[in-house]
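Pasting my_file-v4.cif here (mmCIF, C-alpha atoms):
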data_data
loop_
_atom_site.label_atom_id
_atom_site.label_comp_id
_atom_site.auth_asym_id
_atom_site.auth_seq_id
_atom_site.Cartn_x
_atom_site.Cartn_y
_atom_site.Cartn_z
CA MET M 1 -48.83 -1.37 15.85
CA ILE M 2 -47.44 -4.52 17.45
CA SER M 3 -44.60 -4.64 14.90
CA ILE M 4 -43.73 -1.00 15.58
CA ALA M 5 -43.78 -1.66 19.34
CA ILE M 6 -41.45 -4.65 18.98
CA LEU M 7 -39.08 -2.72 16.71
CA SER M 8 -39.06 0.25 19.10
CA ALA M 9 -38.33 -2.04 22.07
CA VAL M 10 -35.44 -3.64 20.18
CA PHE M 11 -33.92 -0.22 19.36
CA ILE M 12 -34.30 0.94 22.96
CA LEU M 13 -32.69 -2.20 24.35
CA ILE M 14 -29.81 -1.98 21.86
CA SER M 15 -29.20 1.65 22.86
CA ALA M 16 -29.38 0.99 26.61
CA ARG M 17 -27.98 -2.54 26.79
CA GLN M 18 -24.65 -1.47 28.33
CA THR M 19 -26.07 1.05 30.80
CA GLY M 20 -27.15 0.43 34.38
CA ILE M 21 -26.65 -2.77 36.35
CA ILE M 22 -28.01 -5.24 33.80
CA LYS M 23 -25.82 -5.88 30.76
CA VAL M 24 -27.54 -7.47 27.76
CA GLU M 25 -25.74 -8.83 24.70
CA ILE M 26 -26.94 -7.51 21.35
CA TRP M 27 -27.55 -11.01 19.98
CA LEU M 28 -29.93 -11.68 22.89
CA VAL M 29 -31.86 -8.46 22.15
CA MET M 30 -32.25 -9.46 18.50
CA LEU M 31 -33.30 -13.00 19.46
CA LEU M 32 -35.94 -11.72 21.88
CA GLY M 33 -37.25 -9.36 19.21
CA ALA M 34 -37.48 -12.19 16.69
CA LEU M 35 -39.27 -14.46 19.19
CA ALA M 36 -41.70 -11.67 20.05
CA ALA M 37 -42.53 -11.20 16.35
CA VAL M 38 -43.19 -14.94 15.93
CA LEU M 39 -45.16 -15.40 19.17
CA THR M 40 -47.42 -12.41 18.44
CA GLY M 41 -48.16 -13.67 14.94
CA GLN M 42 -46.41 -10.85 13.09
CA ILE M 43 -44.62 -13.49 11.03
CA SER M 44 -45.11 -17.25 10.78
CA PRO M 45 -42.31 -19.63 11.84
CA TYR M 46 -42.08 -20.86 8.23
CA ASN M 47 -41.66 -17.36 6.77
CA ALA M 48 -39.21 -16.48 9.53
CA LEU M 49 -36.99 -19.42 8.58
CA LYS M 50 -37.46 -18.68 4.90
CA ALA M 51 -36.24 -15.09 5.48
CA ILE M 52 -32.86 -16.32 6.70
CA ASP M 53 -30.22 -16.04 3.98
CA PHE M 54 -27.79 -18.84 4.74
CA ASP M 55 -25.33 -17.60 2.09
CA ILE M 56 -24.88 -14.44 4.14
CA ILE M 57 -24.73 -16.37 7.44
CA ILE M 58 -22.00 -18.68 6.10
CA PHE M 59 -20.07 -15.78 4.61
CA LEU M 60 -20.20 -13.79 7.85
CA PHE M 61 -19.11 -16.86 9.81
CA GLY M 62 -16.14 -17.29 7.49
CA MET M 63 -15.12 -13.63 7.65
CA PHE M 64 -15.39 -13.44 11.43
CA THR M 65 -13.39 -16.66 11.68
CA ALA M 66 -10.72 -15.12 9.43
CA GLY M 67 -10.79 -11.98 11.56
CA SER M 68 -10.22 -14.01 14.72
CA LEU M 69 -7.30 -15.75 13.00
CA PHE M 70 -5.77 -12.38 12.05
CA GLU M 71 -6.09 -11.30 15.67
CA ILE M 72 -4.67 -14.32 17.52
CA SER M 73 -1.87 -14.85 14.99
CA GLY M 74 -0.65 -11.27 15.37
CA TYR M 75 -1.06 -10.78 11.61
CA LEU M 76 -2.62 -7.32 11.59
CA ALA M 77 -0.78 -6.13 14.70
CA TYR M 78 2.59 -7.11 13.25
CA ASN M 79 1.84 -5.59 9.85
CA GLN M 80 0.67 -2.45 11.61
CA TYR M 81 4.06 -2.30 13.30
CA ARG M 82 5.82 -2.67 9.94
CA ILE M 83 3.71 0.09 8.39
CA PHE M 84 4.22 2.59 11.20
CA ALA M 85 7.85 1.76 11.99
CA GLY M 86 9.24 4.41 9.65
CA ILE M 87 6.76 7.20 10.42
CA LYS M 88 8.36 9.88 12.57
CA SER M 89 5.63 12.48 13.09
CA SER M 90 2.39 12.02 15.02
CA GLU M 91 0.54 13.86 12.25
CA GLY M 92 1.79 11.40 9.64
CA MET M 93 0.89 8.53 11.94
CA LEU M 94 -2.70 9.79 12.25
CA PHE M 95 -3.04 10.09 8.48
CA VAL M 96 -1.69 6.59 7.80
CA PHE M 97 -3.70 5.08 10.66
CA ILE M 98 -6.98 6.49 9.31
CA PHE M 99 -6.38 5.18 5.80
CA PHE M 100 -4.93 1.86 7.01
CA CYS M 101 -8.00 1.14 9.14
CA GLY M 102 -10.43 2.50 6.56
CA LEU M 103 -9.11 0.56 3.59
CA SER M 104 -8.52 -2.60 5.64
CA SER M 105 -12.12 -2.60 6.85
CA ALA M 106 -13.29 -2.75 3.25
CA LEU M 107 -11.43 -6.01 2.82
CA VAL M 108 -11.91 -7.93 6.06
CA MET M 109 -15.05 -6.23 7.46
CA ASN M 110 -15.15 -3.21 9.71
CA ASP M 111 -16.11 -5.29 12.78
CA THR M 112 -12.81 -7.15 12.54
CA ILE M 113 -10.71 -3.99 12.26
CA ALA M 114 -12.70 -2.32 15.05
CA ILE M 115 -11.89 -5.17 17.44
CA ILE M 116 -8.25 -5.57 16.47
CA GLY M 117 -7.66 -1.83 16.10
CA VAL M 118 -8.34 -0.86 19.73
CA PRO M 119 -5.02 -2.13 21.18
CA ILE M 120 -3.23 -0.81 18.09
CA ALA M 121 -4.75 2.66 18.56
CA ILE M 122 -3.81 2.74 22.25
CA ASN M 123 -0.28 1.51 21.52
CA LEU M 124 0.21 4.22 18.87
CA ALA M 125 -1.20 6.87 21.22
CA ARG M 126 1.42 5.96 23.83
CA ARG M 127 4.20 5.68 21.30
CA TYR M 128 3.56 9.11 19.75
CA SER M 129 2.35 10.79 22.98
CA VAL M 130 -1.07 11.72 21.63
CA PRO M 131 -4.47 11.43 23.36
CA ALA M 132 -5.93 7.94 23.25
CA PRO M 133 -9.48 9.32 22.65
CA ALA M 134 -8.25 10.93 19.42
CA MET M 135 -6.93 7.60 18.14
CA LEU M 136 -10.04 5.72 19.21
CA LEU M 137 -12.22 8.28 17.41
CA ALA M 138 -10.01 7.89 14.34
CA LEU M 139 -10.52 4.13 14.53
CA ALA M 140 -14.29 4.29 15.02
CA PHE M 141 -14.91 6.74 12.19
CA SER M 142 -12.37 5.29 9.74
CA VAL M 143 -13.71 1.71 9.91
CA THR M 144 -17.25 3.01 9.42
CA ILE M 145 -16.30 5.23 6.49
CA GLY M 146 -13.83 2.81 4.89
CA SER M 147 -16.24 -0.12 4.80
CA VAL M 148 -18.62 1.79 2.53
CA PHE M 149 -17.01 1.12 -0.87
CA SER M 150 -16.90 -2.67 -0.58
CA PRO M 151 -19.78 -5.17 -0.62
CA ILE M 152 -17.94 -7.14 2.08
CA GLY M 153 -17.01 -4.11 4.16
CA ASN M 154 -19.93 -4.59 6.54
CA PRO M 155 -22.98 -6.89 6.86
CA GLN M 156 -25.33 -4.16 5.60
CA ASN M 157 -23.39 -3.78 2.36
CA LEU M 158 -23.33 -7.54 1.94
CA LEU M 159 -27.11 -7.72 2.27
CA ILE M 160 -27.50 -4.93 -0.31
CA ALA M 161 -25.06 -6.66 -2.68
CA VAL M 162 -26.83 -10.01 -2.41
CA LYS M 163 -30.41 -8.73 -2.60
CA GLY M 164 -29.82 -5.72 -4.85
CA GLY M 165 -29.48 -7.60 -8.11
CA PHE M 166 -25.99 -6.29 -8.91
CA SER M 167 -24.27 -8.05 -11.80
CA ASN M 168 -20.88 -7.14 -10.33
CA PRO M 169 -21.21 -5.76 -6.78
CA PHE M 170 -17.46 -5.25 -6.27
CA LEU M 171 -17.07 -3.01 -9.30
CA SER M 172 -20.40 -1.26 -8.70
CA PHE M 173 -19.50 -0.35 -5.12
CA LEU M 174 -15.97 0.65 -6.18
CA LYS M 175 -17.19 2.80 -9.07
CA TYR M 176 -19.69 4.87 -7.11
CA LEU M 177 -18.36 4.81 -3.56
CA PHE M 178 -14.56 4.70 -3.66
CA LEU M 179 -13.97 8.42 -4.27
CA PRO M 180 -16.57 9.56 -1.67
CA THR M 181 -14.98 7.17 0.81
CA VAL M 182 -11.47 8.51 0.23
CA LEU M 183 -12.76 12.09 0.41
CA ASN M 184 -14.46 11.41 3.74
CA LEU M 185 -11.31 9.80 5.12
CA PHE M 186 -9.43 13.00 4.21
CA ILE M 187 -12.15 15.05 5.92
CA LEU M 188 -11.86 12.85 9.00
CA PHE M 189 -8.11 13.46 9.14
CA ILE M 190 -8.58 17.24 8.83
CA PHE M 191 -11.31 17.25 11.48
CA LEU M 192 -9.26 15.30 14.03
CA ARG M 193 -6.15 17.30 13.23
CA LEU M 194 -8.03 20.53 13.94
CA ARG M 195 -9.89 19.13 16.93
CA TYR M 196 -6.63 18.02 18.55
CA LYS M 197 -4.43 20.68 16.93
CA ASN M 198 -2.05 20.95 19.89
CA ASP M 199 -1.63 17.20 20.35
CA PHE M 200 -0.21 16.21 16.97
CA LEU M 201 2.86 18.44 16.97
CA SER M 202 5.41 16.09 18.49
CA GLN M 203 8.06 14.57 16.24
CA GLN M 204 9.40 12.26 18.93
CA GLN M 205 8.51 8.63 19.41
CA LYS M 206 8.82 6.34 22.35
CA HIS M 207 10.19 2.84 21.93
CA ALA M 208 7.94 0.85 19.60
CA TYR M 209 6.64 -2.44 20.92
CA VAL M 210 7.17 -5.22 18.37
CA PRO M 211 4.06 -7.45 18.40
CA GLU M 212 4.56 -11.17 18.70
CA LYS M 213 3.52 -13.30 15.76
CA LYS M 214 2.85 -17.03 15.87
CA PRO M 215 4.66 -18.55 12.86
CA TRP M 216 2.17 -21.26 11.88
CA LEU M 217 -0.90 -19.09 12.41
CA TYR M 218 0.83 -16.16 10.72
CA PHE M 219 1.44 -18.33 7.64
CA LEU M 220 -2.19 -19.44 7.75
CA SER M 221 -3.26 -15.77 7.95
CA ASN M 222 -1.20 -14.94 4.86
CA LEU M 223 -2.80 -17.88 3.06
CA THR M 224 -6.29 -16.81 4.15
CA MET M 225 -5.75 -13.25 2.96
CA ALA M 226 -4.42 -14.54 -0.38
CA ILE M 227 -7.50 -16.74 -0.83
CA ILE M 228 -9.83 -13.79 -0.08
CA LEU M 229 -8.05 -11.61 -2.65
CA VAL M 230 -8.02 -14.35 -5.28
CA LEU M 231 -11.74 -15.08 -4.83
CA ILE M 232 -12.57 -11.39 -5.13
CA ALA M 233 -10.49 -11.17 -8.32
CA VAL M 234 -12.15 -14.29 -9.76
CA LYS M 235 -15.61 -12.93 -8.92
CA ILE M 236 -14.83 -9.66 -10.72
CA TYR M 237 -13.37 -11.52 -13.72
CA PHE M 238 -16.43 -13.77 -14.13
CA SER M 239 -18.79 -10.81 -13.74
CA LEU M 240 -16.95 -8.84 -16.42
CA ASN M 241 -17.24 -11.80 -18.79
CA GLY M 242 -20.95 -12.31 -18.13
CA LYS M 243 -20.52 -15.57 -16.25
CA GLU M 244 -21.98 -16.62 -12.91
CA PHE M 245 -19.64 -17.27 -10.02
CA ARG M 246 -21.06 -17.59 -6.52
CA LEU M 247 -18.91 -15.93 -3.85
#
Please express what this file holds, its structure, as C-alpha cells.
Amino acid sequence: MISIAILSAVFILISARQTGIIKVEIWLVMLLGALAAVLTGQISPYNALKAIDFDIIIFLFGMFTAGSLFEISGYLAYNQYRIFAGIKSSEGMLFVFIFFCGLSSALVMNDTIAIIGVPIAINLARRYSVPAPAMLLALAFSVTIGSVFSPIGNPQNLLIAVKGGFSNPFLSFLKYLFLPTVLNLFILFIFLRLRYKNDFLSQQQKHAYVPEKKPWLYFLSNLTMAIILVLIAVKIYFSLNGKEFRL
C-alpha cells in the first residue's frame, strides 16, 4: 500500500507540477519519490543504487549534450531552413515538418527535437500564415510518434532495448515499428489537415528568416552527427555477424 501511495503521489505531482503558484521541476518530484521509497523501507539503499543502469545514464547524458550542441550551434535550425526553403505551399510545409520532426526524433531523441522544434514551429507558422497551435500540435505528436521505431528515440525505448535481451535492437525496432510509425505520421498529417482545413490553403510565404550558425560549433555538430550514424551502423554490423559491440 505504501508503494502504491508513493507512486500515486508522484503521478499527481507530475501532472500538477506546473499549475497554481508553486512550480516544481519533474526531477525534484522523482527525487522525492525515490527518497520516500528508501526512507519507508520499500527498497534498501543498496538495491536502489544497484537498480541504476549507468550505461543508460551515460548514454542519455551524451545524447542530451549532443542535443544542446545542435541547438546552440544552429545546426538543426539552419538545416530546417534549408529543407523548407523551396516549399511553397503551407500544406506541403506541414507534411514535411511532421516527417522531419518525426524521423529526426528517432535519431537524436524526441526530447531534443521537442525543445529545438518549438521556435522552428512558430517561425514556420508566421512564415506560412498558419495557426501556431496547429504547428505546435504537429511537433508534439510527430516527435512522440517518430521516436517509436528507434531504440534511441526516447528513454523508454532505450530501457526496453537494454533490458529486453535484443540481439540487434536497431533492426528489431526498425523491422516491427517503422511501418506503423510512418502510417501514424500520415494519419497525423491527415488529422491536422482536416482539423485546420481552412488554414492550410495559402500558397504565399512571408520572408524566411535565415538562422544564424556558429561555424566552429556547426562543424562540431556535423562531426557529432557523423559519429552517431557511424556507431549505429557499426552496432548493426556487429549484431548481424553475431559479435558483441557495446553502444
Next item on the list: Kindly give the distance, in Å, that separates CA of Ser147 (chain M) and CA of Arg127 (chain M), rounded to a single decimal.
Entry: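 Between these atoms lies a distance of 26.9 Å.
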Under the rule of at most 9 Å, produce a per-residue listing of region 99-157 of chain M near region 170-183 of chain M: chain, number, name, the closest pair of atoms, and the distance in Å, as JSON lines, using only C-alpha atoms.
{"residue": "M:Phe99", "atom": "CA", "partner": "M:Val182", "partner_atom": "CA", "distance": 8.2}
{"residue": "M:Gly102", "atom": "CA", "partner": "M:Thr181", "partner_atom": "CA", "distance": 8.7}
{"residue": "M:Leu103", "atom": "CA", "partner": "M:Val182", "partner_atom": "CA", "distance": 8.9}
{"residue": "M:Ile145", "atom": "CA", "partner": "M:Thr181", "partner_atom": "CA", "distance": 6.1}
{"residue": "M:Gly146", "atom": "CA", "partner": "M:Thr181", "partner_atom": "CA", "distance": 6.1}
{"residue": "M:Ser147", "atom": "CA", "partner": "M:Thr181", "partner_atom": "CA", "distance": 8.4}
{"residue": "M:Val148", "atom": "CA", "partner": "M:Thr181", "partner_atom": "CA", "distance": 6.7}
{"residue": "M:Phe149", "atom": "CA", "partner": "M:Leu177", "partner_atom": "CA", "distance": 4.8}
{"residue": "M:Ser150", "atom": "CA", "partner": "M:Phe173", "partner_atom": "CA", "distance": 5.7}
{"residue": "M:Pro151", "atom": "CA", "partner": "M:Phe170", "partner_atom": "CA", "distance": 6.1}
{"residue": "M:Ile152", "atom": "CA", "partner": "M:Phe170", "partner_atom": "CA", "distance": 8.6}
Item checked: Best match for closeness to Ile2 (chain M) among M:Leu39, M:Ala16, M:Ile228, M:Glu25, counting all atoms listed in the file -> M:Leu39
Notebook entry, point to check: Could you state the separation of CA of Lys213 (chain M) and CA of Ser73 (chain M) in Å, given to one decimal place?
Noted result: 5.7 Å
Margin query: Quick one: residues within 10 Å of Ile232 (chain M), all atoms listed in the file, excluding same-chain residues fewer than 5 positions away - as a PyMOL selection string?
Written below: chain M and resi 107+152+170+226-227+237+247
Next item on the list: Neighbourhood query: residues within 12 Å of (-38.5, -18.6, 11.0), file coordinates, counting all atoms listed in the file; return as a list in words.
Entry: Leu31, Ala34, Leu35, Ala36, Ala37, Val38, Leu39, Gly41, Gln42, Ile43, Ser44, Pro45, Tyr46, Asn47, Ala48, Leu49, Lys50, Ala51, Ile52 and Asp53 of chain M
Next item on the list: Kindly indicate which residue among M:Leu137, M:Gly153, M:Arg82, M:Ile98 lies nearest to Pro169 (chain M), using only C-alpha atoms for the distances.
Entry: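 Closest residue, counting only C-alpha atoms: M:Gly153.
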Check: Once you count only C-alpha atoms, which residues end up no further than 12 Å from (-12.4, 6.5, 10.6) in the file's frame, shown as a VMD selection string?
Finding: chain M and resid 94 to 106 110 113 to 114 117 121 134 to 148 181 to 192
Check: CA of Asn154 (chain M) to CA of Met109 (chain M): how many Å, to one decimal?
Finding: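 These atoms are spaced 5.2 Å apart.
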Next item on the list: List the neighbours of Ala77 (chain M) out to 10 Å using all atoms listed in the file; skip same-chain residues closer than 5 positions along the sequence, and give me the result as a ChimeraX atom specification.
Entry: /M:70-72,82-83,116-117,119-120,210-213
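With all atoms listed in the file as the atoms that count, the residue of M:Tyr75, M:Leu32, M:Ser129, M:Ala233 with the shortest distance to Pro215 (chain M) is M:Tyr75.
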Checklist line | Explicit residues for the PyMOL selection byres ((chain M and resi 66) around 10) (as an MDAnalysis selection string) | finding: chainID M and resid 60:65 67:71 108 112 220:221 224:225 228
Output the selection as a PDB file, in the coordinates of the input - C-alpha atoms for each residue.
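Output contents, as saved in out.pdb:
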ATOM      1  CA  LEU M  60     -20.200 -13.790   7.850  1.00  0.00           C
ATOM      2  CA  PHE M  61     -19.110 -16.860   9.810  1.00  0.00           C
ATOM      3  CA  GLY M  62     -16.140 -17.290   7.490  1.00  0.00           C
ATOM      4  CA  MET M  63     -15.120 -13.630   7.650  1.00  0.00           C
ATOM      5  CA  PHE M  64     -15.390 -13.440  11.430  1.00  0.00           C
ATOM      6  CA  THR M  65     -13.390 -16.660  11.680  1.00  0.00           C
ATOM      7  CA  GLY M  67     -10.790 -11.980  11.560  1.00  0.00           C
ATOM      8  CA  SER M  68     -10.220 -14.010  14.720  1.00  0.00           C
ATOM      9  CA  LEU M  69      -7.300 -15.750  13.000  1.00  0.00           C
ATOM     10  CA  PHE M  70      -5.770 -12.380  12.050  1.00  0.00           C
ATOM     11  CA  GLU M  71      -6.090 -11.300  15.670  1.00  0.00           C
ATOM     12  CA  VAL M 108     -11.910  -7.930   6.060  1.00  0.00           C
ATOM     13  CA  THR M 112     -12.810  -7.150  12.540  1.00  0.00           C
ATOM     14  CA  LEU M 220      -2.190 -19.440   7.750  1.00  0.00           C
ATOM     15  CA  SER M 221      -3.260 -15.770   7.950  1.00  0.00           C
ATOM     16  CA  THR M 224      -6.290 -16.810   4.150  1.00  0.00           C
ATOM     17  CA  MET M 225      -5.750 -13.250   2.960  1.00  0.00           C
ATOM     18  CA  ILE M 228      -9.830 -13.790  -0.080  1.00  0.00           C
TER      19      ILE M 228
END
Would you pick out the contacts of Met30 (chain M) at 12 Å or less, using all atoms listed in the file, so that residues sharing its chain but fewer than 3 positions from it are not included, and give the list as a CSV table (one decimal) with C-alpha atoms, in the coordinates of the input?
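Contents of result.csv, freshly written:
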chain,number,residue,atom,x,y,z
M,6,ILE,CA,-41.4,-4.6,19.0
M,7,LEU,CA,-39.1,-2.7,16.7
M,8,SER,CA,-39.1,0.2,19.1
M,9,ALA,CA,-38.3,-2.0,22.1
M,10,VAL,CA,-35.4,-3.6,20.2
M,11,PHE,CA,-33.9,-0.2,19.4
M,12,ILE,CA,-34.3,0.9,23.0
M,13,LEU,CA,-32.7,-2.2,24.4
M,14,ILE,CA,-29.8,-2.0,21.9
M,17,ARG,CA,-28.0,-2.5,26.8
M,24,VAL,CA,-27.5,-7.5,27.8
M,25,GLU,CA,-25.7,-8.8,24.7
M,26,ILE,CA,-26.9,-7.5,21.4
M,27,TRP,CA,-27.6,-11.0,20.0
M,33,GLY,CA,-37.2,-9.4,19.2
M,34,ALA,CA,-37.5,-12.2,16.7
M,35,LEU,CA,-39.3,-14.5,19.2
M,36,ALA,CA,-41.7,-11.7,20.0
M,37,ALA,CA,-42.5,-11.2,16.4
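Minimum atom-to-atom distance to Ser89 (chain M), evaluated using only C-alpha atoms, belongs to M:Tyr128 out of M:Asn198, M:Leu159, M:Leu217, M:Tyr128.
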Next item on the list: Rank nothing, just name the residue among M:Gly74, M:Ile58, M:Leu124, M:Thr40 nearest to Phe219 (chain M), using only C-alpha atoms.
Entry: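 Selected residue with least distance to Phe219 (chain M): M:Gly74.
You can rank M:Phe200, M:Ile160, M:Arg126, M:Asn79 by their closest distance to Gly92 (chain M) using all atoms listed in the file, and at the top of that list sits M:Phe200.
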